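Report on the structure given below.
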Amino acid sequence: SFKTSTTSQRRVVKVLGEGGFGQVLKCCNLETGTMEAVKVMKSRTGVIEKAKHEIQILKQLRRLDPNTRHVVRFNSFFFNMEDICLSFEFLDVDLHAYICETRLYETGLPLPEVRPITEQLVMALHQLKTIGIIHVDIKPGNVMIVDRHEKPPRVKLVDFGGAQMSGNVDFETCICTQMYSAPEVLLRSEMNEALDMWSLGVTAFELAVGTPMFPYRRRYRLLNSIIKILGQPPDHVLDKGQQTKQFFNRKTNDHPSWTIKTDVFNFLQEHATGLDRFIDLLKNMLQVDPNQRITPVEALQHLVMHLKIISFSLSLPPFCAFPRSAHSTLIRPVIHLERSVSCWYLLLSPPQRFYLSPSFPSRLPSTLPMQCTLRRH
């Protein structure tokens, strides 16, 4: 098998991951002496069609400037018996694994790292937009750090298996992770490149805070949470949604024309009111109206991308984290968070209140408030 044999002058070093499509392997190219990441796609009808689709997208990516595109480099594809194998440059670690390995999920990445990561991904979206490609599935697991020892970290966007051509989005091949999906994706409404900016905004929030912004798997809970935090999508988005009626009731002679249905697992979701420049960028990325969502060029011109580095302390009072189990109402011990980091200047009038959004059992009350005070040094 490919695991134990040398095929196409490549020697398997280890298995990096597995999925429904097959495996991702770390391989040594015996001709060049370099390491590669090889995606082995099993020879099944559905998988083969997806492989052909991905290869077409990857060939389009070669048109981009390699110095500014911030997307993974595609080397070639080859066959191992009947399996299709895609060869990529080898990158260090994805952001999700990096946060877990360094236990930064308790506090989030240092903000001086979040800003350049966000900027690089915005540049990647700008590059993709120039050739009409939508990634569709931006999340921490699909962002790779080139070298974890570099500061600030360089990152690249990976996994274009579900990518779509702008203006020709196919719902059947549109592969996405729901908790990072824009409202128009959840509703199967009209979609364009703006959906990637939403996913990037949710990803950037998770990198900075350490917890998912919308930690729910059911689409109703996601949509309800989005509405509580950011407002309801406009009528022109809801009107075109193929699945809007599944989650919303239509009203007559009223505006807005839709109201979200009441769910038996009713919950409350509060959100921040104190906005600094970073949060302002996130809000523009997370516009519920895709026509109003910030573009890559506008994001690159945002003030947060050009701020000077200063030092501040971020002191967070205690908060309670609840377990996921719906069979237990036990409250975990209070977690105390306090950290001092170097970060760019955030225009915030302390004190400000914001709310974390951990994943609660449905019968528990709303999230608990935290007081955030920034002290300039």
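Every chain in the structure tokens takes a letter, A first, then B, and so on in the order presented; its residues are numbered from 1, and the ligands are numbered from 1 following the presented order.
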
Close residues, Ile84 (chain A) itself excluded, 7 Å, only C-alpha atoms, min 3 positions apart in chain, as an mmCIF file with all heavy atoms, in the first residue's frame:
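The new file part_6.cif reads:
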data_model
loop_
_atom_site.group_PDB
_atom_site.id
_atom_site.type_symbol
_atom_site.label_atom_id
_atom_site.label_comp_id
_atom_site.auth_asym_id
_atom_site.auth_seq_id
_atom_site.Cartn_x
_atom_site.Cartn_y
_atom_site.Cartn_z
ATOM 1 N N VAL A 40 -4.171 11.780 -0.375
ATOM 2 C CA VAL A 40 -4.518 10.555 -1.096
ATOM 3 C C VAL A 40 -6.037 10.416 -1.109
ATOM 4 O O VAL A 40 -6.656 10.229 -0.062
ATOM 5 C CB VAL A 40 -3.874 9.318 -0.435
ATOM 6 C CG1 VAL A 40 -4.193 8.062 -1.251
ATOM 7 C CG2 VAL A 40 -2.375 9.498 -0.297
ATOM 8 N N MET A 41 -6.631 10.502 -2.287
ATOM 9 C CA MET A 41 -8.082 10.447 -2.431
ATOM 10 C C MET A 41 -8.486 9.095 -2.999
ATOM 11 O O MET A 41 -8.041 8.698 -4.077
ATOM 12 C CB MET A 41 -8.563 11.597 -3.314
ATOM 13 C CG MET A 41 -8.046 12.955 -2.828
ATOM 14 S SD MET A 41 -8.765 14.372 -3.676
ATOM 15 C CE MET A 41 -10.396 14.419 -2.961
ATOM 16 N N LYS A 42 -9.279 8.373 -2.232
ATOM 17 C CA LYS A 42 -9.640 7.000 -2.566
ATOM 18 C C LYS A 42 -10.436 6.929 -3.868
ATOM 19 O O LYS A 42 -11.176 7.842 -4.220
ATOM 20 C CB LYS A 42 -10.436 6.371 -1.417
ATOM 21 C CG LYS A 42 -9.664 6.293 -0.108
ATOM 22 C CD LYS A 42 -8.394 5.470 -0.253
ATOM 23 C CE LYS A 42 -7.626 5.372 1.055
ATOM 24 N NZ LYS A 42 -6.376 4.605 0.909
ATOM 25 N N PHE A 78 -0.674 12.787 -9.056
ATOM 26 C CA PHE A 78 -0.230 11.530 -9.654
ATOM 27 C C PHE A 78 -1.139 10.427 -9.149
ATOM 28 O O PHE A 78 -2.022 10.656 -8.311
ATOM 29 C CB PHE A 78 1.236 11.246 -9.308
ATOM 30 C CG PHE A 78 1.521 11.153 -7.827
ATOM 31 C CD1 PHE A 78 1.514 9.931 -7.162
ATOM 32 C CD2 PHE A 78 1.794 12.301 -7.083
ATOM 33 C CE1 PHE A 78 1.770 9.847 -5.804
ATOM 34 C CE2 PHE A 78 2.058 12.229 -5.727
ATOM 35 C CZ PHE A 78 2.046 10.995 -5.085
ATOM 36 N N PHE A 79 -0.959 9.247 -9.666
ATOM 37 C CA PHE A 79 -1.800 8.111 -9.292
ATOM 38 C C PHE A 79 -0.984 7.072 -8.539
ATOM 39 O O PHE A 79 0.164 6.774 -8.900
ATOM 40 C CB PHE A 79 -2.421 7.471 -10.534
ATOM 41 C CG PHE A 79 -3.454 8.335 -11.198
ATOM 42 C CD1 PHE A 79 -3.088 9.258 -12.174
ATOM 43 C CD2 PHE A 79 -4.784 8.243 -10.836
ATOM 44 C CE1 PHE A 79 -4.039 10.056 -12.783
ATOM 45 C CE2 PHE A 79 -5.748 9.039 -11.436
ATOM 46 C CZ PHE A 79 -5.364 9.947 -12.417
ATOM 47 N N ASN A 80 -1.553 6.534 -7.488
ATOM 48 C CA ASN A 80 -0.997 5.387 -6.771
ATOM 49 C C ASN A 80 -2.010 4.262 -6.939
ATOM 50 O O ASN A 80 -3.033 4.239 -6.260
ATOM 51 C CB ASN A 80 -0.785 5.717 -5.295
ATOM 52 C CG ASN A 80 -0.367 4.486 -4.506
ATOM 53 O OD1 ASN A 80 0.569 3.792 -4.884
ATOM 54 N ND2 ASN A 80 -1.072 4.204 -3.421
#

When DSSP works through the backbone of this structure, what residues of region 54-234 of chain A end up as strand (DSSP E or B), shown as a PyMOL selection string?
chain A and resi 71+74-80+83-89+93-94+133-134+143-145+155-157+164-165

Find the residues around Ile175 (chain A) up to 8 Å (only C-alpha atoms counted), leave out those fewer than 5 positions away in its own chain, and share them as JSON, numbers by chain.
{"A": [136, 137, 161, 162, 163]}

For the selection you just gave me, I'd like the residues written to a file as a PDB file, in the first residue's frame, keeping N, CA and C atoms.
ATOM      1  N   VAL A 136     -14.940  28.923   0.613  1.00  0.00           N
ATOM      2  CA  VAL A 136     -16.165  28.363   1.199  1.00  0.00           C
ATOM      3  C   VAL A 136     -15.968  27.803   2.618  1.00  0.00           C
ATOM      4  N   ASP A 137     -14.783  27.300   2.957  1.00  0.00           N
ATOM      5  CA  ASP A 137     -14.613  26.612   4.249  1.00  0.00           C
ATOM      6  C   ASP A 137     -13.429  27.156   5.041  1.00  0.00           C
ATOM      7  N   GLY A 161     -10.881  21.763  -1.482  1.00  0.00           N
ATOM      8  CA  GLY A 161     -11.736  20.685  -1.960  1.00  0.00           C
ATOM      9  C   GLY A 161     -13.179  21.097  -2.191  1.00  0.00           C
ATOM     10  N   GLY A 162     -13.661  22.075  -1.430  1.00  0.00           N
ATOM     11  CA  GLY A 162     -15.040  22.530  -1.594  1.00  0.00           C
ATOM     12  C   GLY A 162     -15.139  23.902  -2.226  1.00  0.00           C
ATOM     13  N   ALA A 163     -14.008  24.418  -2.751  1.00  0.00           N
ATOM     14  CA  ALA A 163     -13.998  25.761  -3.335  1.00  0.00           C
ATOM     15  C   ALA A 163     -14.934  25.845  -4.538  1.00  0.00           C
TER      16      ALA A 163
END

How many Å separate CA of Thr244 (chain A) from CA of Leu187 (chain A)?
5.6 Å

Can you tell me which residues surround Ile57 (chain A) at a distance of at most 8 Å, considering only C-alpha atoms, apart from same-chain residues fewer than 2 positions away, and format the answer as an MDAnalysis selection string?
chainID A and resid 53:55 59:61 133 160 163:164

Produce a file of the selected residues containing N, CA, C and O atoms, as a compact mmCIF listing (two decimals), in the first residue's frame.
# COMPACT_ATOMS: atom_id res chain seq x y z
N HIS A 53 -12.50 18.13 -9.40
CA HIS A 53 -12.92 19.51 -9.13
C HIS A 53 -11.81 20.27 -8.41
O HIS A 53 -11.49 21.42 -8.77
N GLU A 54 -11.21 19.64 -7.40
CA GLU A 54 -10.15 20.31 -6.64
C GLU A 54 -8.94 20.60 -7.50
O GLU A 54 -8.32 21.66 -7.39
N ILE A 55 -8.57 19.68 -8.38
CA ILE A 55 -7.41 19.88 -9.26
C ILE A 55 -7.65 21.07 -10.19
O ILE A 55 -6.75 21.89 -10.42
N LYS A 59 -5.23 24.39 -10.12
CA LYS A 59 -4.52 24.89 -11.31
C LYS A 59 -4.80 26.38 -11.50
O LYS A 59 -3.91 27.12 -11.95
N GLN A 60 -6.01 26.82 -11.15
CA GLN A 60 -6.32 28.24 -11.23
C GLN A 60 -5.48 29.05 -10.25
O GLN A 60 -5.08 30.18 -10.54
N LEU A 61 -5.19 28.46 -9.08
CA LEU A 61 -4.41 29.17 -8.06
C LEU A 61 -2.99 29.47 -8.51
O LEU A 61 -2.34 30.38 -7.99
N ILE A 133 -12.51 32.93 -7.31
CA ILE A 133 -12.61 31.68 -6.54
C ILE A 133 -13.08 31.99 -5.12
O ILE A 133 -12.61 32.92 -4.47
N PHE A 160 -8.81 23.28 -0.68
CA PHE A 160 -9.73 23.88 -1.65
C PHE A 160 -10.66 22.83 -2.24
O PHE A 160 -11.18 23.00 -3.34
N ALA A 163 -14.01 24.42 -2.75
CA ALA A 163 -14.00 25.76 -3.33
C ALA A 163 -14.93 25.84 -4.54
O ALA A 163 -15.19 24.85 -5.22
N GLN A 164 -15.44 27.05 -4.79
CA GLN A 164 -16.39 27.28 -5.86
C GLN A 164 -15.93 28.45 -6.73
O GLN A 164 -15.20 29.33 -6.27

Mind giving me the straight-line distance from CA of Pro234 (chain A) to CA of Val288 (chain A) in Å, one decimal?
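Computing it gives 7.4 Å between the two atoms.
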
From the options A:Ile227, A:Phe205, A:Met305, A:Thr32, which residue's atoms come nearest to Lys283 (chain A), counting only C-alpha atoms?
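Looking at the shortest contact to Lys283 (chain A), the residue is A:Phe205.
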
Which of these, A:Leu125, A:Tyr98, A:Ile134, A:Asn168, has the shortest distance to Arg148 (chain A) once you count only C-alpha atoms?
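When distances to Arg148 (chain A) are compared using only C-alpha atoms, the smallest one comes from A:Tyr98.
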
With distances taken over only C-alpha atoms, which residue among A:Ile279, A:Leu195, A:Ala51, A:Ala208 lies nearest Gly108 (chain A)?
A:Ala208

Need to verify the contact set: region 35-37 of chain A, 6 Å, only C-alpha atoms, exclusion of same-chain residues closer than 5 positions in sequence. Can you return it as a ChimeraX atom specification?
/A:25-28,87-90

Å distance separating CA of Val185 (chain A) from CA of Thr118 (chain A), one decimal place:
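Atom-to-atom, CA of Val185 (chain A) and CA of Thr118 (chain A) are spaced 21.8 Å apart.
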
Of the listed residues A:Thr252, A:Ser181, A:Gln9, A:Thr262, that which approaches Leu222 (chain A) most closely, counting only C-alpha atoms
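Closest to Leu222 (chain A) of all the choices is A:Ser181.
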
Among the residues A:Ala124, A:Leu91, A:Val209, A:Val12, the one that comes closest to Arg69 (chain A) [using only C-alpha atoms]
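Of all the options, A:Ala124 lies closest to Arg69 (chain A).
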
Taking only C-alpha atoms into account, which of A:Asp254, A:Glu206, A:Asp280, A:Asp196 comes nearest Thr295 (chain A)?
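Selected residue with least distance to Thr295 (chain A): A:Asp196.
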
What's around Gly132 (chain A) at 10 Å? Count only C-alpha atoms, leave out sequence neighbours fewer than 5 positions away in its own chain, and write the answer as a list in words.
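Everything that qualifies: Gln60, His126, Gln127, Gln164, Met165, Ser166, Gly167, Asn168, Asn192 and Glu193 of chain A.
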